[in-house]
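Let me begin by presenting the structure, written as structure tokens, before commenting on it.
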Amino acid sequence: MQIVIIGNGISGITAALSIRRQKPDWRISVISDESDVFFSRPALMYLYLGHMRFDDVKPYEDWVWDVQRIERVRARVTQVDVTSKSLHTEGRGTISYDKLIIATGSVANRFGWPGQDLKRVHGMVSLSDLSSLEDISGELKHAVLVGGGLIGVELAEMLHARNVGVTILAREPSYWLNALPREESQLVNRVIRHEGIDLNLGCELDEILGDSTGRACGVTTKDGRRIDCQFVGLTAGVRPNLSALQGSEIAAGRGVLVDFSFRSTNTEDVYAIGDCAELVTPDGAPNRIEQLWYTGKMHGSVVADVICGTERTYDRGILYNSAKFIDLEWHTYGLVSSGAGPELVSGEQHLYWEDPLGQRSLRLIHADGTIVGINCMGIRYRHRVCEQWIADKRSVDDVIDHLPEANFDPEFYRRHENAAISSFKEQLR
């Protein structure tokens with residue numbers, strides 16, 4: 001049996017190692033045009049900041065791939081022929097497969113802006129993006145980032161640390177309002193501006209300007225302003241990377257269309273996992289694209305079992321996420337609606353506390369008195385405790401009474417539970 005995996009990120013590598021544990025005699029090949037080794041993509045910013053070396057962001061030693069007999073192929077897939085079950089590559093000829101796993105990840109969004117293909121214009125999702133930015137960093141005085149979200153704030157921090165002036169253009173009225181509740185989004189606004197980063201809300205890019213050498217030299221905005229810069233970061237989200245599937249018969253929408261066992265909806269022996277997979281929901285709800293590290297790892301584990309003969313259906317469980325906005329830590333568990341949607345959905349009710357300085361916040365979401373979501377800004381709460389509260393359908397009153405049990409801030413950090421509990425109880429009256 002020949003298993004071929006396109007992509008060596010967390011999803012593809014998890015699948016490869018999981019298959020190898022179950023099928024020691026199968027041949028497994030992992031194709032990537034980015035890197036010979038698997039690395040932690042969320043750690044790219046720490047390489048740029050000098051906090052880590054490349055060896056530090058490799059979860060496995062280089063010898064693992066030989067011991068596990070996982071063939072690594074450095075090539076770019078240009079065509080997938082599902083009839084002959086073969087891949088055409090640039091530089092490595094044709095590669096045949098019995099089972100194909102597509103794990104090609106995502107790429108930065110481009111919305112057809114004039115000048116988006118100039119030099120010194122790119123996102124921050126790959127090693128080549130990092131390398132390109134590193135090569136020009138010594139020449140940068142000012143950068144413009146188009147779009148908000150997690151990648152935008154990370155790239156802003158990276159450049160700011162190198163004493164590069166940063167302007168962020170965000171079309172929303174508040175930062176990352178399509179993911180954060182309004183109050184938390186406004187808290188992030190304050191943190192970004194406090195760092196000296198020029199945050200422009202409700203502002204859209206019109207054009208990226210180029211100089212005589214084809215390099216970005218500025219931008220114009222929809223409201224008629226010109227901002228000079230030497231780099232434009234495309235941080236308006238990401239989309240599934242489907243470049244290897246051009247001309248293929250494999251069904252795709254925003255991503256590769258798959259069921260909840262990650263089988264292609266129209267092509268036998270083809271699977272897709274990770275950022276590039278679009279899960280087709282059986283109940284008519286909107287299809288799901290999941291672009292998180294932990295869900296990508298779960299995808300790889302499930303598809304490995306399915307390919308090895310154990311039928312499984314993917315269940316993400318209780319959603320969680322975490323990130324940093326400069327120095328502000330964010331942790332979220334369960335169902336937390338954003339400020340861009342309806343204020344309340346499905347009868348949910350929100351309890352919100354923010355410290356007097358506007359630097360920390362805690363939000364509890366409940367429906368019919370049962371806790372369904374928790375949002376923490378600047379306070380660390382234990383993942384397992386919060387997840388268990390939601391799984392057990394604990395009452396909001398019970399959760400409020402036991403809030404201190406979830407806190408895992410270091411010993412000498414100030415605790416805020418008493419103030420939050422008093423606020424929540426007042427809101428419940």
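Chain lettering (A, B, ...) mirrors the order of the structure tokens, residue numbering begins at 1 for each chain separately, and ligand numbering begins at 1 in order of display.
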Which residues come within 9 Å of range 381-392 of chain A, counting only C-alpha atoms, excluding same-chain residues fewer than 2 positions away, as a list in words? Ile318, Leu319, Tyr320, His331, Thr332, Tyr333, Gly334, Thr370, Ile371, Val372, Gly373, Ile374, Cys376, Ile379, Arg394, Ser395, Val399, Glu405, Ala406, Asn407, Phe408 and Asp409 of chain A
Filtered DSSP result for range 56-202 of chain A, state strand (DSSP E), as a short mmCIF file (atom, residue, chain, number, x, y, z; two decimals) with all heavy atoms, in the first residue's frame:
data_model
loop_
_atom_site.label_atom_id
_atom_site.label_comp_id
_atom_site.auth_asym_id
_atom_site.auth_seq_id
_atom_site.Cartn_x
_atom_site.Cartn_y
_atom_site.Cartn_z
N ILE A 70 9.48 7.10 6.88
CA ILE A 70 8.59 8.04 6.20
C ILE A 70 9.43 8.82 5.19
O ILE A 70 10.33 9.58 5.56
CB ILE A 70 7.92 8.99 7.22
CG1 ILE A 70 6.98 8.17 8.11
CG2 ILE A 70 7.16 10.10 6.51
CD1 ILE A 70 6.35 8.96 9.23
N GLU A 71 9.14 8.58 3.93
CA GLU A 71 9.90 9.21 2.86
C GLU A 71 9.49 10.68 2.72
O GLU A 71 8.31 11.01 2.62
CB GLU A 71 9.63 8.48 1.53
CG GLU A 71 10.37 9.07 0.35
CD GLU A 71 9.96 8.44 -0.97
OE1 GLU A 71 8.89 7.80 -1.01
OE2 GLU A 71 10.69 8.62 -1.96
N ARG A 72 10.48 11.54 2.70
CA ARG A 72 10.22 12.96 2.52
C ARG A 72 10.60 13.37 1.11
O ARG A 72 11.72 13.13 0.65
CB ARG A 72 11.01 13.79 3.54
CG ARG A 72 10.57 13.57 4.98
CD ARG A 72 11.53 14.20 5.95
NE ARG A 72 12.82 13.51 5.96
CZ ARG A 72 13.94 14.03 6.45
NH1 ARG A 72 13.93 15.26 6.94
NH2 ARG A 72 15.05 13.33 6.45
N VAL A 73 9.66 13.99 0.42
CA VAL A 73 9.87 14.37 -0.98
C VAL A 73 9.75 15.89 -1.08
O VAL A 73 8.68 16.45 -0.78
CB VAL A 73 8.84 13.71 -1.92
CG1 VAL A 73 9.08 14.12 -3.36
CG2 VAL A 73 8.88 12.19 -1.76
N ARG A 74 10.82 16.55 -1.47
CA ARG A 74 10.80 18.00 -1.63
C ARG A 74 10.41 18.31 -3.07
O ARG A 74 11.22 18.16 -4.00
CB ARG A 74 12.17 18.59 -1.30
CG ARG A 74 12.22 20.11 -1.27
CD ARG A 74 11.52 20.63 -0.02
NE ARG A 74 11.63 22.07 0.08
CZ ARG A 74 12.63 22.72 0.69
NH1 ARG A 74 13.63 22.02 1.23
NH2 ARG A 74 12.64 24.03 0.74
N ARG A 76 6.99 20.32 -5.65
CA ARG A 76 5.71 21.01 -5.76
C ARG A 76 4.80 20.20 -6.65
O ARG A 76 5.14 19.87 -7.79
CB ARG A 76 5.89 22.42 -6.32
CG ARG A 76 4.60 23.24 -6.35
CD ARG A 76 4.88 24.66 -6.78
NE ARG A 76 5.19 24.75 -8.19
CZ ARG A 76 4.27 24.90 -9.16
NH1 ARG A 76 2.97 24.93 -8.85
NH2 ARG A 76 4.64 24.99 -10.42
N VAL A 77 3.62 19.86 -6.12
CA VAL A 77 2.64 19.11 -6.91
C VAL A 77 1.94 20.07 -7.86
O VAL A 77 1.38 21.08 -7.43
CB VAL A 77 1.63 18.41 -5.99
CG1 VAL A 77 0.55 17.70 -6.83
CG2 VAL A 77 2.33 17.41 -5.08
N THR A 78 1.97 19.74 -9.14
CA THR A 78 1.35 20.60 -10.15
C THR A 78 0.04 20.06 -10.67
O THR A 78 -0.76 20.81 -11.22
CB THR A 78 2.31 20.79 -11.34
OG1 THR A 78 2.64 19.50 -11.90
CG2 THR A 78 3.59 21.49 -10.89
N GLN A 79 -0.20 18.75 -10.49
CA GLN A 79 -1.45 18.18 -10.98
C GLN A 79 -1.74 16.87 -10.25
O GLN A 79 -0.82 16.10 -9.95
CB GLN A 79 -1.37 17.91 -12.49
CG GLN A 79 -2.66 17.37 -13.09
CD GLN A 79 -2.52 17.04 -14.58
OE1 GLN A 79 -1.45 17.25 -15.16
NE2 GLN A 79 -3.58 16.55 -15.18
N VAL A 80 -3.02 16.66 -9.95
CA VAL A 80 -3.47 15.40 -9.36
C VAL A 80 -4.34 14.70 -10.39
O VAL A 80 -5.39 15.22 -10.79
CB VAL A 80 -4.25 15.62 -8.06
CG1 VAL A 80 -4.74 14.28 -7.50
CG2 VAL A 80 -3.42 16.37 -7.03
N ASP A 81 -3.92 13.52 -10.83
CA ASP A 81 -4.68 12.72 -11.81
C ASP A 81 -5.36 11.58 -11.05
O ASP A 81 -4.72 10.58 -10.71
CB ASP A 81 -3.74 12.17 -12.89
CG ASP A 81 -4.48 11.47 -14.02
OD1 ASP A 81 -5.61 11.00 -13.79
OD2 ASP A 81 -3.92 11.40 -15.12
N SER A 86 -2.14 9.31 -9.74
CA SER A 86 -0.76 9.78 -9.79
C SER A 86 -0.71 11.29 -9.60
O SER A 86 -1.68 12.01 -9.86
CB SER A 86 -0.11 9.41 -11.13
OG SER A 86 -0.80 10.03 -12.20
N LEU A 87 0.45 11.74 -9.12
CA LEU A 87 0.70 13.16 -8.92
C LEU A 87 1.83 13.58 -9.85
O LEU A 87 2.86 12.91 -9.93
CB LEU A 87 1.12 13.44 -7.48
CG LEU A 87 0.24 12.88 -6.36
CD1 LEU A 87 0.86 13.22 -5.00
CD2 LEU A 87 -1.17 13.44 -6.45
N HIS A 88 1.63 14.69 -10.54
CA HIS A 88 2.70 15.26 -11.35
C HIS A 88 3.37 16.36 -10.53
O HIS A 88 2.70 17.21 -9.96
CB HIS A 88 2.13 15.82 -12.66
CG HIS A 88 1.45 14.80 -13.50
ND1 HIS A 88 2.15 13.92 -14.31
CD2 HIS A 88 0.14 14.47 -13.64
CE1 HIS A 88 1.30 13.11 -14.93
NE2 HIS A 88 0.08 13.42 -14.54
N THR A 89 4.68 16.29 -10.46
CA THR A 89 5.41 17.25 -9.63
C THR A 89 6.43 18.01 -10.47
O THR A 89 6.81 17.57 -11.56
CB THR A 89 6.15 16.53 -8.48
OG1 THR A 89 7.23 15.77 -9.01
CG2 THR A 89 5.21 15.64 -7.71
N GLU A 90 6.85 19.12 -9.90
CA GLU A 90 7.88 19.92 -10.52
C GLU A 90 9.22 19.48 -9.97
O GLU A 90 9.52 19.68 -8.80
CB GLU A 90 7.63 21.39 -10.19
CG GLU A 90 8.37 22.38 -11.07
CD GLU A 90 7.95 23.80 -10.77
OE1 GLU A 90 8.41 24.36 -9.74
OE2 GLU A 90 7.11 24.35 -11.52
N THR A 94 6.63 11.89 -11.76
CA THR A 94 5.29 11.41 -11.40
C THR A 94 5.39 10.47 -10.20
O THR A 94 6.27 9.61 -10.13
CB THR A 94 4.65 10.66 -12.58
OG1 THR A 94 4.54 11.56 -13.70
CG2 THR A 94 3.26 10.16 -12.22
N ILE A 95 4.47 10.67 -9.26
CA ILE A 95 4.43 9.84 -8.06
C ILE A 95 3.05 9.18 -7.97
O ILE A 95 2.02 9.86 -8.03
CB ILE A 95 4.67 10.69 -6.79
CG1 ILE A 95 6.06 11.34 -6.86
CG2 ILE A 95 4.52 9.85 -5.53
CD1 ILE A 95 6.32 12.34 -5.75
N SER A 96 3.03 7.87 -7.84
CA SER A 96 1.77 7.13 -7.78
C SER A 96 1.32 6.95 -6.33
O SER A 96 2.13 6.98 -5.40
CB SER A 96 1.93 5.76 -8.44
OG SER A 96 2.26 5.90 -9.81
N LYS A 99 -3.61 5.56 -1.73
CA LYS A 99 -4.46 6.45 -0.94
C LYS A 99 -3.76 7.81 -0.90
O LYS A 99 -2.55 7.88 -0.63
CB LYS A 99 -4.65 5.95 0.49
CG LYS A 99 -5.20 4.53 0.62
CD LYS A 99 -6.69 4.49 0.41
CE LYS A 99 -7.23 3.09 0.69
NZ LYS A 99 -8.71 2.99 0.48
N LEU A 100 -4.51 8.87 -1.14
CA LEU A 100 -3.96 10.22 -1.15
C LEU A 100 -4.58 11.06 -0.05
O LEU A 100 -5.81 11.12 0.08
CB LEU A 100 -4.22 10.88 -2.51
CG LEU A 100 -3.81 12.36 -2.63
CD1 LEU A 100 -2.30 12.52 -2.52
CD2 LEU A 100 -4.32 12.95 -3.96
N ILE A 101 -3.73 11.71 0.75
CA ILE A 101 -4.19 12.63 1.79
C ILE A 101 -3.73 14.03 1.40
O ILE A 101 -2.52 14.28 1.26
CB ILE A 101 -3.63 12.27 3.17
CG1 ILE A 101 -4.05 10.85 3.56
CG2 ILE A 101 -4.11 13.27 4.22
CD1 ILE A 101 -3.41 10.37 4.86
N ILE A 102 -4.67 14.94 1.25
CA ILE A 102 -4.35 16.33 0.91
C ILE A 102 -4.32 17.12 2.22
O ILE A 102 -5.32 17.21 2.93
CB ILE A 102 -5.39 16.92 -0.05
CG1 ILE A 102 -5.47 16.07 -1.33
CG2 ILE A 102 -5.06 18.37 -0.39
CD1 ILE A 102 -6.69 16.37 -2.18
N SER A 106 -2.99 26.43 4.29
CA SER A 106 -3.66 27.64 3.83
C SER A 106 -2.65 28.67 3.34
O SER A 106 -1.44 28.56 3.60
CB SER A 106 -4.52 28.23 4.95
OG SER A 106 -3.76 28.44 6.12
N VAL A 107 -3.16 29.66 2.64
CA VAL A 107 -2.34 30.77 2.14
C VAL A 107 -3.03 32.08 2.49
O VAL A 107 -4.24 32.10 2.76
CB VAL A 107 -2.12 30.68 0.61
CG1 VAL A 107 -1.28 29.46 0.26
CG2 VAL A 107 -3.46 30.62 -0.13
N ALA A 108 -2.27 33.17 2.47
CA ALA A 108 -2.84 34.47 2.80
C ALA A 108 -3.87 34.88 1.76
O ALA A 108 -3.70 34.66 0.55
CB ALA A 108 -1.72 35.51 2.86
N VAL A 121 5.46 42.40 -0.84
CA VAL A 121 4.05 42.27 -0.47
C VAL A 121 3.77 40.79 -0.27
O VAL A 121 3.86 40.00 -1.21
CB VAL A 121 3.11 42.82 -1.56
CG1 VAL A 121 1.65 42.64 -1.16
CG2 VAL A 121 3.40 44.28 -1.85
N HIS A 122 3.47 40.38 0.96
CA HIS A 122 3.15 38.98 1.21
C HIS A 122 2.58 38.82 2.62
O HIS A 122 2.52 39.77 3.40
CB HIS A 122 4.37 38.07 1.02
CG HIS A 122 5.56 38.41 1.86
ND1 HIS A 122 5.64 38.13 3.22
CD2 HIS A 122 6.74 39.01 1.55
CE1 HIS A 122 6.80 38.52 3.70
NE2 HIS A 122 7.49 39.07 2.72
N HIS A 142 8.98 51.68 7.63
CA HIS A 142 7.56 51.64 7.94
C HIS A 142 6.90 50.51 7.15
O HIS A 142 7.29 50.22 6.02
CB HIS A 142 6.88 52.97 7.59
CG HIS A 142 5.56 53.15 8.29
ND1 HIS A 142 5.46 53.68 9.56
CD2 HIS A 142 4.29 52.84 7.92
CE1 HIS A 142 4.19 53.71 9.93
NE2 HIS A 142 3.46 53.19 8.95
N ALA A 143 5.92 49.87 7.77
CA ALA A 143 5.17 48.79 7.14
C ALA A 143 3.68 49.04 7.30
O ALA A 143 3.24 49.60 8.32
CB ALA A 143 5.55 47.44 7.75
N VAL A 144 2.91 48.60 6.32
CA VAL A 144 1.45 48.65 6.39
C VAL A 144 0.92 47.23 6.37
O VAL A 144 1.31 46.43 5.52
CB VAL A 144 0.86 49.45 5.22
CG1 VAL A 144 -0.66 49.34 5.21
CG2 VAL A 144 1.28 50.91 5.30
N LEU A 145 0.08 46.91 7.34
CA LEU A 145 -0.54 45.58 7.40
C LEU A 145 -2.01 45.72 7.05
O LEU A 145 -2.72 46.55 7.62
CB LEU A 145 -0.38 44.99 8.81
CG LEU A 145 1.03 44.99 9.39
CD1 LEU A 145 1.04 44.26 10.73
CD2 LEU A 145 2.03 44.38 8.42
N VAL A 146 -2.45 44.89 6.12
CA VAL A 146 -3.82 44.96 5.61
C VAL A 146 -4.64 43.86 6.25
O VAL A 146 -4.49 42.69 5.92
CB VAL A 146 -3.85 44.83 4.07
CG1 VAL A 146 -5.27 44.99 3.56
CG2 VAL A 146 -2.93 45.85 3.43
N GLY A 165 8.18 51.15 12.09
CA GLY A 165 6.85 51.73 12.31
C GLY A 165 5.79 50.88 11.64
O GLY A 165 6.00 50.36 10.53
N VAL A 166 4.64 50.72 12.28
CA VAL A 166 3.60 49.83 11.77
C VAL A 166 2.26 50.55 11.73
O VAL A 166 1.84 51.16 12.72
CB VAL A 166 3.46 48.56 12.64
CG1 VAL A 166 2.33 47.67 12.10
CG2 VAL A 166 4.77 47.78 12.67
N THR A 167 1.60 50.46 10.59
CA THR A 167 0.21 50.92 10.44
C THR A 167 -0.65 49.72 10.09
O THR A 167 -0.33 48.97 9.16
CB THR A 167 0.09 51.98 9.34
OG1 THR A 167 0.80 53.16 9.72
CG2 THR A 167 -1.37 52.34 9.09
N ILE A 168 -1.73 49.52 10.83
CA ILE A 168 -2.68 48.44 10.54
C ILE A 168 -3.94 49.05 9.94
O ILE A 168 -4.50 50.00 10.50
CB ILE A 168 -3.05 47.66 11.81
CG1 ILE A 168 -1.81 46.96 12.40
CG2 ILE A 168 -4.13 46.63 11.51
CD1 ILE A 168 -2.09 46.24 13.71
N LEU A 169 -4.38 48.51 8.81
CA LEU A 169 -5.65 48.91 8.20
C LEU A 169 -6.65 47.78 8.44
O LEU A 169 -6.48 46.67 7.94
CB LEU A 169 -5.49 49.12 6.69
CG LEU A 169 -4.38 50.07 6.21
CD1 LEU A 169 -4.40 50.18 4.69
CD2 LEU A 169 -4.52 51.43 6.85
N ALA A 170 -7.67 48.04 9.24
CA ALA A 170 -8.69 47.04 9.54
C ALA A 170 -10.05 47.58 9.12
O ALA A 170 -10.44 48.68 9.55
CB ALA A 170 -8.69 46.71 11.03
N ASP A 198 0.01 52.11 14.95
CA ASP A 198 -1.03 52.96 14.36
C ASP A 198 -2.18 52.08 13.85
O ASP A 198 -2.09 51.50 12.76
CB ASP A 198 -0.42 53.77 13.22
CG ASP A 198 -1.43 54.69 12.54
OD1 ASP A 198 -2.43 55.05 13.19
OD2 ASP A 198 -1.22 55.04 11.37
N LEU A 199 -3.23 51.96 14.64
CA LEU A 199 -4.37 51.11 14.31
C LEU A 199 -5.47 51.97 13.68
O LEU A 199 -6.03 52.85 14.32
CB LEU A 199 -4.90 50.42 15.56
CG LEU A 199 -6.18 49.59 15.41
CD1 LEU A 199 -5.99 48.47 14.39
CD2 LEU A 199 -6.61 49.02 16.76
N ASN A 200 -5.77 51.70 12.41
CA ASN A 200 -6.80 52.42 11.67
C ASN A 200 -8.00 51.51 11.50
O ASN A 200 -7.97 50.56 10.71
CB ASN A 200 -6.27 52.85 10.30
CG ASN A 200 -5.23 53.92 10.37
OD1 ASN A 200 -5.47 55.07 10.06
ND2 ASN A 200 -4.02 53.55 10.80
N LEU A 201 -9.08 51.80 12.22
CA LEU A 201 -10.29 50.99 12.16
C LEU A 201 -11.27 51.57 11.14
O LEU A 201 -11.29 52.78 10.89
CB LEU A 201 -10.94 50.94 13.54
CG LEU A 201 -10.08 50.31 14.64
CD1 LEU A 201 -10.71 50.51 16.00
CD2 LEU A 201 -9.84 48.83 14.36
#
Just the residues within 8 Å of Met377 in chain A, please, counting only C-alpha atoms, with nothing from its chain fewer than 4 positions along; format it as a ChimeraX atom specification. /A:184,328-331,359-362
Prev. selection, N, CA and C atoms, output as a compact mmCIF listing (two decimals), in the first residue's frame:
# COMPACT_ATOMS: atom_id res chain seq x y z
N GLU A 184 -14.17 42.76 24.40
CA GLU A 184 -12.82 42.21 24.30
C GLU A 184 -12.08 42.79 23.10
N LEU A 328 -1.10 40.65 25.90
CA LEU A 328 -2.42 40.27 26.43
C LEU A 328 -2.76 38.84 26.02
N GLU A 329 -2.84 37.95 27.00
CA GLU A 329 -3.20 36.56 26.71
C GLU A 329 -4.71 36.41 26.59
N TRP A 330 -5.12 35.55 25.65
CA TRP A 330 -6.54 35.30 25.42
C TRP A 330 -6.78 33.79 25.42
N HIS A 331 -7.78 33.36 26.18
CA HIS A 331 -8.19 31.97 26.20
C HIS A 331 -9.71 31.92 26.07
N GLN A 359 -7.58 46.33 31.45
CA GLN A 359 -6.48 45.48 30.98
C GLN A 359 -6.79 43.99 31.06
N ARG A 360 -7.86 43.62 31.77
CA ARG A 360 -8.24 42.21 31.92
C ARG A 360 -9.75 42.11 31.89
N SER A 361 -10.22 40.95 31.44
CA SER A 361 -11.67 40.76 31.44
C SER A 361 -12.00 39.28 31.54
N LEU A 362 -13.22 39.01 31.95
CA LEU A 362 -13.72 37.65 32.06
C LEU A 362 -15.18 37.65 31.64
For CA of Ala156 in chain A and CA of Asn375 in chain A, determine how far apart the two atoms are, in Å to one decimal place.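 CA of Asn375 in chain A lies 23.6 Å from CA of Ala156 in chain A.
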For Gly123 in chain A, work out the shell of residues within 10 Å, counting only C-alpha atoms and skipping chain neighbours fewer than 2 positions away, then give it as a VMD selection string. chain A and resid 107 to 110 120 to 121 125 to 126 128 to 130 133 145 to 146 151 to 152 155 232 to 238
Write the selection just made, keeping C-alpha atoms, as a PDB file, in the first residue's frame?
ATOM      1  CA  VAL A 107      -2.338  30.766   2.139  1.00  0.00           C
ATOM      2  CA  ALA A 108      -2.835  34.472   2.796  1.00  0.00           C
ATOM      3  CA  ASN A 109      -5.981  35.981   1.331  1.00  0.00           C
ATOM      4  CA  ARG A 110      -5.626  38.225  -1.695  1.00  0.00           C
ATOM      5  CA  ARG A 120       7.728  43.176  -0.650  1.00  0.00           C
ATOM      6  CA  VAL A 121       4.050  42.272  -0.468  1.00  0.00           C
ATOM      7  CA  VAL A 125       2.182  31.902   6.940  1.00  0.00           C
ATOM      8  CA  SER A 126       5.246  30.142   5.539  1.00  0.00           C
ATOM      9  CA  SER A 128       9.425  31.679   2.578  1.00  0.00           C
ATOM     10  CA  ASP A 129       7.389  34.572   4.006  1.00  0.00           C
ATOM     11  CA  LEU A 130       9.656  34.626   7.040  1.00  0.00           C
ATOM     12  CA  LEU A 133      10.836  39.483   5.584  1.00  0.00           C
ATOM     13  CA  LEU A 145      -0.540  45.584   7.404  1.00  0.00           C
ATOM     14  CA  VAL A 146      -3.817  44.963   5.614  1.00  0.00           C
ATOM     15  CA  ILE A 151      -1.605  36.970  12.121  1.00  0.00           C
ATOM     16  CA  GLY A 152      -1.890  40.747  11.833  1.00  0.00           C
ATOM     17  CA  LEU A 155       3.311  40.506  12.433  1.00  0.00           C
ATOM     18  CA  VAL A 232       2.907  45.532   2.892  1.00  0.00           C
ATOM     19  CA  GLY A 233       1.770  42.575   4.989  1.00  0.00           C
ATOM     20  CA  LEU A 234      -1.320  40.718   3.789  1.00  0.00           C
ATOM     21  CA  THR A 235      -3.008  39.680   7.034  1.00  0.00           C
ATOM     22  CA  ALA A 236      -6.690  39.741   6.064  1.00  0.00           C
ATOM     23  CA  GLY A 237      -7.150  36.089   6.987  1.00  0.00           C
ATOM     24  CA  VAL A 238      -6.192  32.938   5.124  1.00  0.00           C
TER      25      VAL A 238
END
Write out as a VMD selection string the residues lying within 7 Å of range 15-32 of chain A, counting only C-alpha atoms and excluding same-chain residues fewer than 6 positions away. chain A and resid 1 to 8 70 to 76 300 to 301 303 to 304 308
Just the selected residues (N, CA and C atoms), exported as a tab-separated table (two decimals), in the first residue's frame, please.
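Here's the written file part_12.tsv:
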chain	number	residue	atom	x	y	z
A	1	MET	N	0.84	-1.19	0.00
A	1	MET	CA	0.00	0.00	0.00
A	1	MET	C	0.88	1.24	0.00
A	2	GLN	N	0.62	2.15	-0.92
A	2	GLN	CA	1.37	3.41	-1.02
A	2	GLN	C	0.49	4.57	-0.56
A	3	ILE	N	0.86	5.16	0.56
A	3	ILE	CA	0.16	6.33	1.08
A	3	ILE	C	0.98	7.56	0.71
A	4	VAL	N	0.35	8.54	0.07
A	4	VAL	CA	1.02	9.79	-0.27
A	4	VAL	C	0.27	10.93	0.41
A	5	ILE	N	1.02	11.77	1.09
A	5	ILE	CA	0.46	12.92	1.80
A	5	ILE	C	1.07	14.18	1.21
A	6	ILE	N	0.23	15.09	0.75
A	6	ILE	CA	0.71	16.38	0.25
A	6	ILE	C	0.63	17.37	1.40
A	7	GLY	N	1.79	17.78	1.90
A	7	GLY	CA	1.82	18.73	3.02
A	7	GLY	C	2.41	18.10	4.26
A	8	ASN	N	3.38	18.80	4.88
A	8	ASN	CA	4.04	18.24	6.06
A	8	ASN	C	3.82	19.12	7.29
A	70	ILE	N	9.48	7.10	6.88
A	70	ILE	CA	8.59	8.04	6.20
A	70	ILE	C	9.43	8.82	5.19
A	71	GLU	N	9.14	8.58	3.93
A	71	GLU	CA	9.90	9.21	2.86
A	71	GLU	C	9.49	10.68	2.72
A	72	ARG	N	10.48	11.54	2.70
A	72	ARG	CA	10.22	12.96	2.52
A	72	ARG	C	10.60	13.37	1.11
A	73	VAL	N	9.66	13.99	0.42
A	73	VAL	CA	9.87	14.37	-0.98
A	73	VAL	C	9.75	15.89	-1.08
A	74	ARG	N	10.82	16.55	-1.47
A	74	ARG	CA	10.80	18.00	-1.63
A	74	ARG	C	10.41	18.31	-3.07
A	75	ALA	N	9.16	18.70	-3.27
A	75	ALA	CA	8.66	18.95	-4.62
A	75	ALA	C	7.36	19.72	-4.54
A	76	ARG	N	6.99	20.32	-5.65
A	76	ARG	CA	5.71	21.01	-5.76
A	76	ARG	C	4.80	20.20	-6.65
A	300	GLY	N	-5.67	14.56	11.59
A	300	GLY	CA	-4.67	13.57	11.18
A	300	GLY	C	-4.85	12.24	11.85
A	301	SER	N	-5.22	12.27	13.13
A	301	SER	CA	-5.43	11.02	13.87
A	301	SER	C	-6.64	10.26	13.35
A	303	VAL	N	-8.17	10.50	10.30
A	303	VAL	CA	-8.03	9.98	8.94
A	303	VAL	C	-7.09	8.78	8.91
A	304	ALA	N	-6.09	8.75	9.77
A	304	ALA	CA	-5.19	7.59	9.83
A	304	ALA	C	-5.95	6.33	10.20
A	308	CYS	N	-6.63	3.06	7.82
A	308	CYS	CA	-6.13	1.75	8.30
A	308	CYS	C	-7.25	0.77	8.61
Among range 90-258 of chain A, which residues does DSSP mark as alpha helix (DSSP H) when it is run on the backbone? Keep the chain and numbering as in the structure and answer as a PyMOL selection string. chain A and resi 127-136+149-161+182-194
